[in-house]
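Student: Got a structure for you, written out below as structure tokens; questions coming shortly.
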Amino acid sequence: METIDLLKCQEKELVEYCFEHITKSANNPEEDRKCHTLIMQSLFGESETANITLDAPLKILWKITGKCNANCQHCWAKLGFEHSHEEIMKVADEICENNVLMVSVSGGEPFMRKDIFEILQKLKDNNILIDIMTNGSLINENVVFKLKKILNLNTDVVQVSLDGPNSEVHDAQRSVKIFEKAVNAIRLLKQSGIKVRNVFTATPINQQYLIETYKLANSLGVDTFAPAPVFPLRKGKRFENKLDELEYIRQIAVCKQLESSMKTKLRIQVGKRYQFLMNKYFDELDKSIFDTKESRIISLNETNAFMQIDAEGDALPGPEWEKEASAGNVYEKGVMNVWRDGKKWEEFRQKRDLTNCICNECKIFNICKGGNAKYAFDTFGTINMPDASCIIAKSSV
């Protein structure tokens with residue numbers, strides 16, 4: 001059978017391929033998340049089914065510093081602030097005392113903290129699953145030696161950003177010369193048996209190099225490659241609606257075509273254009289996988305089963321939310337006091353009700369589940385509306 005040229009084929013052919021190989025795919029390889037999938041996802045599911053707020057978060061996304069040694073074109077983190085060692089360890093103690101199962105450690109650049117290994121050791125002494133999110137530039141042989149002694153090689157992951165197949169592309173997006181350091185970090189981590197995930201943030205700067213970057217990740221023995229469209233927040237706002245989303249879809253489709261011959265597996269994030277195309281050709285696709293009667297009332301893991309602590313200490317529903325959605329500062333009030341008594345999360349802790357908007361009749365609801373709740377909240381003042389960036393919703397107005 002002739003292989004379809006996904007970079008040049010007709011739009012309908014591209015959509016049919018993506019539907020079969022991306023939409024229908026679980027798109028959650030176990031290479032870097034076996035324990036997360038087996039344990040965390042099942043518990044998230046129990047929380048959603050029972051529609052309960054857990055006594056403590058199962059998972060915390062913890063920005064341990066707002067300091068960074070890069071100046072990324074697309075960065076949407078709030079940078080600059082860093083808490084003291086004593087404050088950080090007090091929060092670490094409380095996390096460990098309350099049966100949190102997983103912590104994603106990020107920043108800023110987490111390896112800029114001199115006490116990062118003490119933080120990680122504390123978490124691992126309490127059997128917490130760890131993801132570390134880094135640009136890789138500060139990882140050397142000594143750092144990898146310490147990480148190997150601390151991390152569980154079967155469960156824990158170091159996520160290294162890789163935004164291009166060479167220094168010209170990667171460093172143009174990062175605004176500092178760190179490509180060679182990032183690649184060296186990946187090599188050292190893999191040589192030591194540590195699981196590595198690469199995240200590729202697609203912007204107008206690098207999107208045409210996505211396939212080449214995937215091939216580089218594979219040559220380095222990376223476990224998982226995770227491309228995602230740029231998120232339009234803070235500095236990333238400059239790229240809003242500037243990404244060629246059709247080209248991005250073609251690139252991720254080619255990567256999917258290559259995946260079966262690759263060691264490095266894919267965890268793909270799509271954008272609003274993808275959903276629009278699925279809707280456009282929906283009647284010509286195999287709809288048997290869809291439950292058209294699926295409830296438009298959704299239980300949320302955000303604030304019910306997990307939360308983010310930003311660099312300043314504000315407890316937020318997730319990584320893209322602003323301080324206005326904070327339930328309180330954990331360094332001032334304590335993690336569990338904020339979790340139990342924090343304000344502004346009342347609506348989040350109820351189900352997201354999309355029965356009174358276009359989502360109620362949308363043919364591809366099974367794909368997007370109403371989209372990003374933040375985009376709904378920012379525009380409509382409630383999460384009980386569709387993602388305001390949704391092309392389908394916009395076209396119905």
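Just remember, in the structure tokens the first chain shown is A, the second B, etc., residues are 1-based per chain, and ligands are 1-based in the order shown.
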Give me the residues within 10 Å of Thr303 in chain A as a PyMOL selection string, counting only C-alpha atoms and dropping any in the same chain fewer than 2 places off.
Tutor: chain A and resi 53-54+56-57+300-301+305-308+315-318+327+339+345-350
Student: Applying 12 Å and only C-alpha atoms, which residues near Ile178 in chain A remain after dropping the ones on its own chain fewer than 6 positions away? List them as a VMD selection string.
Tutor: chain A and resid 69 to 72 134 to 139 160 to 164 166 to 172 184 to 185
Student: Restrict the selected residues to N, CA, C and O atoms and save them as a tab-separated table (two decimals), in the first residue's frame.
Tutor:
chain	number	residue	atom	x	y	z
A	69	ASN	N	17.70	30.76	33.74
A	69	ASN	CA	18.90	31.19	33.03
A	69	ASN	C	18.69	31.29	31.53
A	69	ASN	O	19.64	31.46	30.76
A	70	ALA	N	17.43	31.15	31.09
A	70	ALA	CA	17.09	31.33	29.68
A	70	ALA	C	16.16	32.53	29.55
A	70	ALA	O	15.72	33.10	30.55
A	71	ASN	N	15.85	32.87	28.33
A	71	ASN	CA	14.96	34.01	28.07
A	71	ASN	C	14.05	33.64	26.90
A	71	ASN	O	14.05	34.29	25.86
A	72	CYS	N	13.29	32.58	27.10
A	72	CYS	CA	12.54	31.96	26.00
A	72	CYS	C	11.51	32.89	25.38
A	72	CYS	O	10.78	33.59	26.09
A	134	THR	N	12.93	20.77	33.07
A	134	THR	CA	14.14	21.56	33.00
A	134	THR	C	14.49	21.89	31.55
A	134	THR	O	14.06	21.20	30.63
A	135	ASN	N	15.32	22.93	31.38
A	135	ASN	CA	15.85	23.21	30.03
A	135	ASN	C	17.14	22.43	29.78
A	135	ASN	O	17.68	22.47	28.66
A	136	GLY	N	17.63	21.74	30.79
A	136	GLY	CA	18.77	20.85	30.62
A	136	GLY	C	20.14	21.50	30.68
A	136	GLY	O	21.16	20.80	30.76
A	137	SER	N	20.21	22.81	30.69
A	137	SER	CA	21.50	23.49	30.54
A	137	SER	C	22.41	23.36	31.75
A	137	SER	O	23.63	23.56	31.63
A	138	LEU	N	21.85	23.04	32.92
A	138	LEU	CA	22.65	22.95	34.14
A	138	LEU	C	22.92	21.50	34.56
A	138	LEU	O	23.47	21.25	35.64
A	139	ILE	N	22.53	20.56	33.70
A	139	ILE	CA	22.73	19.15	34.02
A	139	ILE	C	24.07	18.68	33.47
A	139	ILE	O	24.31	18.70	32.26
A	160	VAL	N	13.18	17.33	29.49
A	160	VAL	CA	14.11	18.31	28.95
A	160	VAL	C	13.50	18.95	27.70
A	160	VAL	O	13.12	18.24	26.76
A	161	SER	N	13.41	20.26	27.69
A	161	SER	CA	12.85	20.95	26.53
A	161	SER	C	13.80	20.83	25.34
A	161	SER	O	15.01	21.02	25.47
A	162	LEU	N	13.23	20.51	24.17
A	162	LEU	CA	14.00	20.41	22.94
A	162	LEU	C	13.18	21.07	21.84
A	162	LEU	O	12.22	20.50	21.35
A	163	ASP	N	13.56	22.28	21.48
A	163	ASP	CA	12.75	23.09	20.57
A	163	ASP	C	13.33	23.20	19.17
A	163	ASP	O	12.93	24.08	18.40
A	164	GLY	N	14.23	22.31	18.83
A	164	GLY	CA	14.78	22.33	17.48
A	164	GLY	C	15.84	21.26	17.32
A	164	GLY	O	16.37	20.74	18.30
A	166	ASN	N	18.80	21.63	15.99
A	166	ASN	CA	20.15	22.18	15.99
A	166	ASN	C	20.17	23.46	16.82
A	166	ASN	O	19.12	23.97	17.24
A	167	SER	N	21.36	23.98	17.04
A	167	SER	CA	21.51	25.16	17.89
A	167	SER	C	20.86	26.39	17.27
A	167	SER	O	20.33	27.25	17.99
A	168	GLU	N	20.90	26.49	15.95
A	168	GLU	CA	20.34	27.67	15.29
A	168	GLU	C	18.86	27.84	15.62
A	168	GLU	O	18.40	28.94	15.93
A	169	VAL	N	18.12	26.74	15.57
A	169	VAL	CA	16.67	26.81	15.82
A	169	VAL	C	16.37	26.84	17.31
A	169	VAL	O	15.64	27.71	17.79
A	170	HIS	N	16.90	25.89	18.04
A	170	HIS	CA	16.62	25.78	19.47
A	170	HIS	C	17.01	27.06	20.21
A	170	HIS	O	16.23	27.61	20.99
A	171	ASP	N	18.21	27.55	19.95
A	171	ASP	CA	18.70	28.72	20.67
A	171	ASP	C	18.00	30.00	20.26
A	171	ASP	O	17.89	30.94	21.07
A	172	ALA	N	17.49	30.05	19.02
A	172	ALA	CA	16.70	31.21	18.60
A	172	ALA	C	15.43	31.31	19.43
A	172	ALA	O	14.99	32.41	19.80
A	184	ASN	N	23.56	17.31	25.51
A	184	ASN	CA	24.49	16.58	26.38
A	184	ASN	C	23.78	16.08	27.63
A	184	ASN	O	24.05	14.95	28.09
A	185	ALA	N	22.89	16.88	28.17
A	185	ALA	CA	22.12	16.46	29.36
A	185	ALA	C	21.29	15.22	29.05
A	185	ALA	O	21.24	14.28	29.85
Student: Any chance you could list, as JSON, numbers by chain, the residues in range 78-290 of chain A that come up alpha helix (DSSP H) when DSSP is run on the backbone?
Tutor: {"A": [85, 86, 87, 88, 89, 90, 91, 92, 93, 94, 95, 96, 97, 116, 117, 118, 119, 120, 121, 122, 123, 124, 125, 141, 142, 143, 144, 145, 146, 147, 148, 149, 150, 167, 168, 169, 170, 171, 172, 173, 174, 179, 180, 181, 182, 183, 184, 185, 186, 187, 188, 189, 190, 191, 210, 211, 212, 213, 214, 215, 216, 217, 218, 219, 245, 246, 247, 248, 249, 250, 251, 252, 253, 254, 255, 256, 257, 258, 272, 273, 274, 275, 276, 277, 278, 279, 280]}
Student: Generate the output file for the selected residues, C-alpha atoms, as a PDB file, in the first residue's frame.
Tutor:
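Resulting contents of out.pdb:
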ATOM      1  CA  HIS A  85      15.249  27.169  51.841  1.00  0.00           C
ATOM      2  CA  GLU A  86      13.333  27.052  55.118  1.00  0.00           C
ATOM      3  CA  GLU A  87      10.046  27.987  53.440  1.00  0.00           C
ATOM      4  CA  ILE A  88      10.553  25.456  50.654  1.00  0.00           C
ATOM      5  CA  MET A  89      11.372  22.595  53.021  1.00  0.00           C
ATOM      6  CA  LYS A  90       8.362  23.408  55.206  1.00  0.00           C
ATOM      7  CA  VAL A  91       6.112  22.975  52.173  1.00  0.00           C
ATOM      8  CA  ALA A  92       7.991  19.795  51.196  1.00  0.00           C
ATOM      9  CA  ASP A  93       7.369  18.414  54.692  1.00  0.00           C
ATOM     10  CA  GLU A  94       3.658  19.143  54.449  1.00  0.00           C
ATOM     11  CA  ILE A  95       3.414  17.540  51.014  1.00  0.00           C
ATOM     12  CA  CYS A  96       5.053  14.403  52.378  1.00  0.00           C
ATOM     13  CA  GLU A  97       2.861  14.294  55.471  1.00  0.00           C
ATOM     14  CA  ILE A 116      17.162  20.988  44.719  1.00  0.00           C
ATOM     15  CA  PHE A 117      18.716  17.646  45.677  1.00  0.00           C
ATOM     16  CA  GLU A 118      17.575  18.053  49.290  1.00  0.00           C
ATOM     17  CA  ILE A 119      14.046  18.796  48.027  1.00  0.00           C
ATOM     18  CA  LEU A 120      14.066  15.758  45.738  1.00  0.00           C
ATOM     19  CA  GLN A 121      15.512  13.495  48.429  1.00  0.00           C
ATOM     20  CA  LYS A 122      12.780  14.535  50.851  1.00  0.00           C
ATOM     21  CA  LEU A 123      10.098  13.674  48.301  1.00  0.00           C
ATOM     22  CA  LYS A 124      11.678  10.331  47.403  1.00  0.00           C
ATOM     23  CA  ASP A 125      12.143   9.378  51.059  1.00  0.00           C
ATOM     24  CA  GLU A 141      27.867  14.470  35.101  1.00  0.00           C
ATOM     25  CA  ASN A 142      27.797  15.444  38.782  1.00  0.00           C
ATOM     26  CA  VAL A 143      24.102  16.382  38.626  1.00  0.00           C
ATOM     27  CA  VAL A 144      23.234  13.113  36.874  1.00  0.00           C
ATOM     28  CA  PHE A 145      25.241  11.138  39.450  1.00  0.00           C
ATOM     29  CA  LYS A 146      23.177  12.711  42.249  1.00  0.00           C
ATOM     30  CA  LEU A 147      19.888  12.249  40.380  1.00  0.00           C
ATOM     31  CA  LYS A 148      20.580   8.564  39.794  1.00  0.00           C
ATOM     32  CA  LYS A 149      21.086   8.053  43.531  1.00  0.00           C
ATOM     33  CA  ILE A 150      17.828   9.854  44.383  1.00  0.00           C
ATOM     34  CA  SER A 167      21.505  25.158  17.888  1.00  0.00           C
ATOM     35  CA  GLU A 168      20.335  27.666  15.292  1.00  0.00           C
ATOM     36  CA  VAL A 169      16.674  26.806  15.817  1.00  0.00           C
ATOM     37  CA  HIS A 170      16.617  25.780  19.474  1.00  0.00           C
ATOM     38  CA  ASP A 171      18.703  28.717  20.670  1.00  0.00           C
ATOM     39  CA  ALA A 172      16.701  31.211  18.603  1.00  0.00           C
ATOM     40  CA  GLN A 173      13.600  30.188  20.574  1.00  0.00           C
ATOM     41  CA  ARG A 174      15.422  30.026  23.915  1.00  0.00           C
ATOM     42  CA  PHE A 179      21.241  23.558  22.671  1.00  0.00           C
ATOM     43  CA  GLU A 180      24.509  21.631  23.044  1.00  0.00           C
ATOM     44  CA  LYS A 181      24.091  21.599  26.830  1.00  0.00           C
ATOM     45  CA  ALA A 182      20.527  20.275  26.526  1.00  0.00           C
ATOM     46  CA  VAL A 183      21.575  17.521  24.130  1.00  0.00           C
ATOM     47  CA  ASN A 184      24.492  16.581  26.376  1.00  0.00           C
ATOM     48  CA  ALA A 185      22.123  16.463  29.358  1.00  0.00           C
ATOM     49  CA  ILE A 186      19.832  14.069  27.502  1.00  0.00           C
ATOM     50  CA  ARG A 187      22.773  11.805  26.640  1.00  0.00           C
ATOM     51  CA  LEU A 188      24.036  11.748  30.225  1.00  0.00           C
ATOM     52  CA  LEU A 189      20.583  11.064  31.652  1.00  0.00           C
ATOM     53  CA  LYS A 190      19.928   8.207  29.254  1.00  0.00           C
ATOM     54  CA  GLN A 191      23.392   6.702  29.828  1.00  0.00           C
ATOM     55  CA  LEU A 210       9.247  19.410  14.353  1.00  0.00           C
ATOM     56  CA  ILE A 211       9.914  16.204  12.368  1.00  0.00           C
ATOM     57  CA  GLU A 212      13.680  16.698  12.436  1.00  0.00           C
ATOM     58  CA  THR A 213      13.567  17.326  16.184  1.00  0.00           C
ATOM     59  CA  TYR A 214      11.586  14.127  16.721  1.00  0.00           C
ATOM     60  CA  LYS A 215      14.234  12.215  14.781  1.00  0.00           C
ATOM     61  CA  LEU A 216      16.955  13.771  16.941  1.00  0.00           C
ATOM     62  CA  ALA A 217      15.110  12.770  20.125  1.00  0.00           C
ATOM     63  CA  ASN A 218      14.864   9.226  18.822  1.00  0.00           C
ATOM     64  CA  SER A 219      18.587   9.121  17.993  1.00  0.00           C
ATOM     65  CA  GLU A 245      -1.800  25.202  12.675  1.00  0.00           C
ATOM     66  CA  LEU A 246      -2.437  23.272   9.473  1.00  0.00           C
ATOM     67  CA  GLU A 247       1.328  22.912   8.995  1.00  0.00           C
ATOM     68  CA  TYR A 248       1.630  21.837  12.632  1.00  0.00           C
ATOM     69  CA  ILE A 249      -1.004  19.136  12.047  1.00  0.00           C
ATOM     70  CA  ARG A 250       0.869  17.910   8.967  1.00  0.00           C
ATOM     71  CA  GLN A 251       4.112  17.736  10.958  1.00  0.00           C
ATOM     72  CA  ILE A 252       2.628  15.788  13.887  1.00  0.00           C
ATOM     73  CA  ALA A 253       0.896  13.452  11.407  1.00  0.00           C
ATOM     74  CA  VAL A 254       4.253  12.656   9.780  1.00  0.00           C
ATOM     75  CA  CYS A 255       5.723  12.013  13.230  1.00  0.00           C
ATOM     76  CA  LYS A 256       2.842   9.626  13.929  1.00  0.00           C
ATOM     77  CA  GLN A 257       3.565   7.916  10.618  1.00  0.00           C
ATOM     78  CA  LEU A 258       7.168   7.411  11.743  1.00  0.00           C
ATOM     79  CA  LYS A 272      -8.146  24.431  17.891  1.00  0.00           C
ATOM     80  CA  ARG A 273      -7.553  23.991  14.133  1.00  0.00           C
ATOM     81  CA  TYR A 274      -7.374  20.222  14.621  1.00  0.00           C
ATOM     82  CA  GLN A 275     -10.763  20.162  16.307  1.00  0.00           C
ATOM     83  CA  PHE A 276     -12.238  22.394  13.608  1.00  0.00           C
ATOM     84  CA  LEU A 277     -11.080  19.976  10.885  1.00  0.00           C
ATOM     85  CA  MET A 278     -12.451  16.965  12.767  1.00  0.00           C
ATOM     86  CA  ASN A 279     -15.803  18.733  12.927  1.00  0.00           C
ATOM     87  CA  LYS A 280     -15.650  19.766   9.242  1.00  0.00           C
TER      88      LYS A 280
END
Student: Name the residues in contact with Ser104 in chain A at a cut-off of 7 Å, using only C-alpha atoms, excluding same-chain residues fewer than 3 positions from it; report them as a list of chain:residue names.
Tutor: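 In the requested form, the answer reads A:Ile60, A:Leu61, A:Trp62, A:Ile130, A:Asp131, A:Ile132.
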Student: Select, from A:Val176, A:Ile22, A:Ile64, A:Ile128, the residue with the minimum atom-to-atom distance to Ile268 in chain A, counting only C-alpha atoms.
Tutor: A:Ile22
Student: Need to verify the contact set: Cys359 in chain A, 12 Å, only C-alpha atoms, exclusion of same-chain residues closer than 6 positions in sequence. Can you return it as a ChimeraX atom specification?
Tutor: /A:292-298,352-353,365-371,376,384-388,390,392-394,396
Student: Keeping only N, CA and C atoms, take the residues you just selected and write them out as a compact mmCIF listing (two decimals), in the first residue's frame.
Tutor:
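File written: part_25.txt
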# COMPACT_ATOMS: atom_id res chain seq x y z
N THR A 292 -22.23 9.64 21.33
CA THR A 292 -22.85 10.94 21.06
C THR A 292 -23.74 11.39 22.21
N LYS A 293 -24.07 10.49 23.13
CA LYS A 293 -24.92 10.84 24.26
C LYS A 293 -24.09 11.09 25.53
N GLU A 294 -22.79 11.19 25.37
CA GLU A 294 -21.93 11.42 26.53
C GLU A 294 -22.35 12.70 27.25
N SER A 295 -22.35 12.63 28.56
CA SER A 295 -22.80 13.76 29.37
C SER A 295 -21.94 14.99 29.11
N ARG A 296 -22.61 16.14 29.04
CA ARG A 296 -21.90 17.41 28.90
C ARG A 296 -21.65 18.05 30.26
N ILE A 297 -21.80 17.28 31.30
CA ILE A 297 -21.47 17.74 32.65
C ILE A 297 -20.23 16.97 33.09
N ILE A 298 -19.13 17.70 33.32
CA ILE A 298 -17.82 17.09 33.49
C ILE A 298 -17.28 17.34 34.89
N ARG A 352 -18.33 20.86 35.74
CA ARG A 352 -18.42 21.85 34.67
C ARG A 352 -19.63 21.51 33.80
N ASP A 353 -20.63 22.38 33.83
CA ASP A 353 -21.91 22.13 33.17
C ASP A 353 -21.94 22.83 31.81
N PHE A 365 -17.59 16.65 20.72
CA PHE A 365 -17.41 16.88 22.15
C PHE A 365 -16.48 15.84 22.76
N ASN A 366 -16.55 14.60 22.26
CA ASN A 366 -15.72 13.52 22.79
C ASN A 366 -14.23 13.81 22.64
N ILE A 367 -13.87 14.67 21.67
CA ILE A 367 -12.46 14.98 21.43
C ILE A 367 -11.97 16.05 22.39
N CYS A 368 -12.74 17.14 22.54
CA CYS A 368 -12.21 18.29 23.28
C CYS A 368 -12.81 18.48 24.67
N LYS A 369 -13.95 17.88 24.97
CA LYS A 369 -14.59 18.00 26.29
C LYS A 369 -14.82 19.44 26.72
N GLY A 370 -15.11 20.29 25.75
CA GLY A 370 -15.36 21.69 26.07
C GLY A 370 -14.13 22.56 26.01
N GLY A 371 -12.96 21.95 25.76
CA GLY A 371 -11.73 22.72 25.63
C GLY A 371 -11.20 23.25 26.95
N ALA A 376 -12.58 29.72 28.73
CA ALA A 376 -13.99 29.99 29.00
C ALA A 376 -14.13 31.01 30.12
N ASN A 384 -18.50 27.26 32.89
CA ASN A 384 -19.64 26.56 32.32
C ASN A 384 -20.00 27.06 30.92
N MET A 385 -18.96 27.36 30.16
CA MET A 385 -19.09 27.78 28.76
C MET A 385 -17.95 27.15 27.98
N PRO A 386 -18.04 27.17 26.63
CA PRO A 386 -16.97 26.54 25.85
C PRO A 386 -15.70 27.37 25.85
N ASP A 387 -14.60 26.73 25.54
CA ASP A 387 -13.32 27.39 25.29
C ASP A 387 -13.56 28.51 24.29
N ALA A 388 -13.25 29.74 24.67
CA ALA A 388 -13.56 30.90 23.81
C ALA A 388 -12.73 30.94 22.55
N CYS A 390 -12.37 28.34 20.64
CA CYS A 390 -12.89 27.28 19.77
C CYS A 390 -13.46 27.88 18.48
N ILE A 392 -15.23 26.40 16.23
CA ILE A 392 -16.61 25.94 16.02
C ILE A 392 -17.58 26.82 16.79
N ALA A 393 -17.24 27.12 18.05
CA ALA A 393 -18.11 27.97 18.86
C ALA A 393 -18.20 29.37 18.28
N LYS A 394 -17.06 29.89 17.81
CA LYS A 394 -17.05 31.24 17.23
C LYS A 394 -17.92 31.30 15.98
N SER A 396 -20.53 29.76 15.34
CA SER A 396 -21.97 29.61 15.61
C SER A 396 -22.59 30.89 16.11
Student: Set the distance at 7 Å and use only C-alpha atoms: which residues neighbour Val330 in chain A once local chain neighbours fewer than 6 positions away are removed? I'd like the list as a PyMOL selection string.
Tutor: chain A and resi 313-315+338
Student: Output C-alpha atoms for every residue in the selection just made, as an mmCIF file, in the first residue's frame.
Tutor:
data_model
loop_
_atom_site.group_PDB
_atom_site.id
_atom_site.type_symbol
_atom_site.label_atom_id
_atom_site.label_comp_id
_atom_site.auth_asym_id
_atom_site.auth_seq_id
_atom_site.Cartn_x
_atom_site.Cartn_y
_atom_site.Cartn_z
ATOM 1 C CA GLY A 313 3.330 30.214 46.419
ATOM 2 C CA ASP A 314 -0.154 30.779 45.045
ATOM 3 C CA ALA A 315 -2.258 27.622 44.769
ATOM 4 C CA VAL A 338 -5.354 26.310 51.359
#
Student: Of the candidates A:Ser395, A:Asn51, A:Asn356, A:Gln73, which shows the shortest atom-to-atom distance to Pro204 in chain A, using only C-alpha atoms?
Tutor: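 The closest residue to Pro204 in chain A is A:Gln73.
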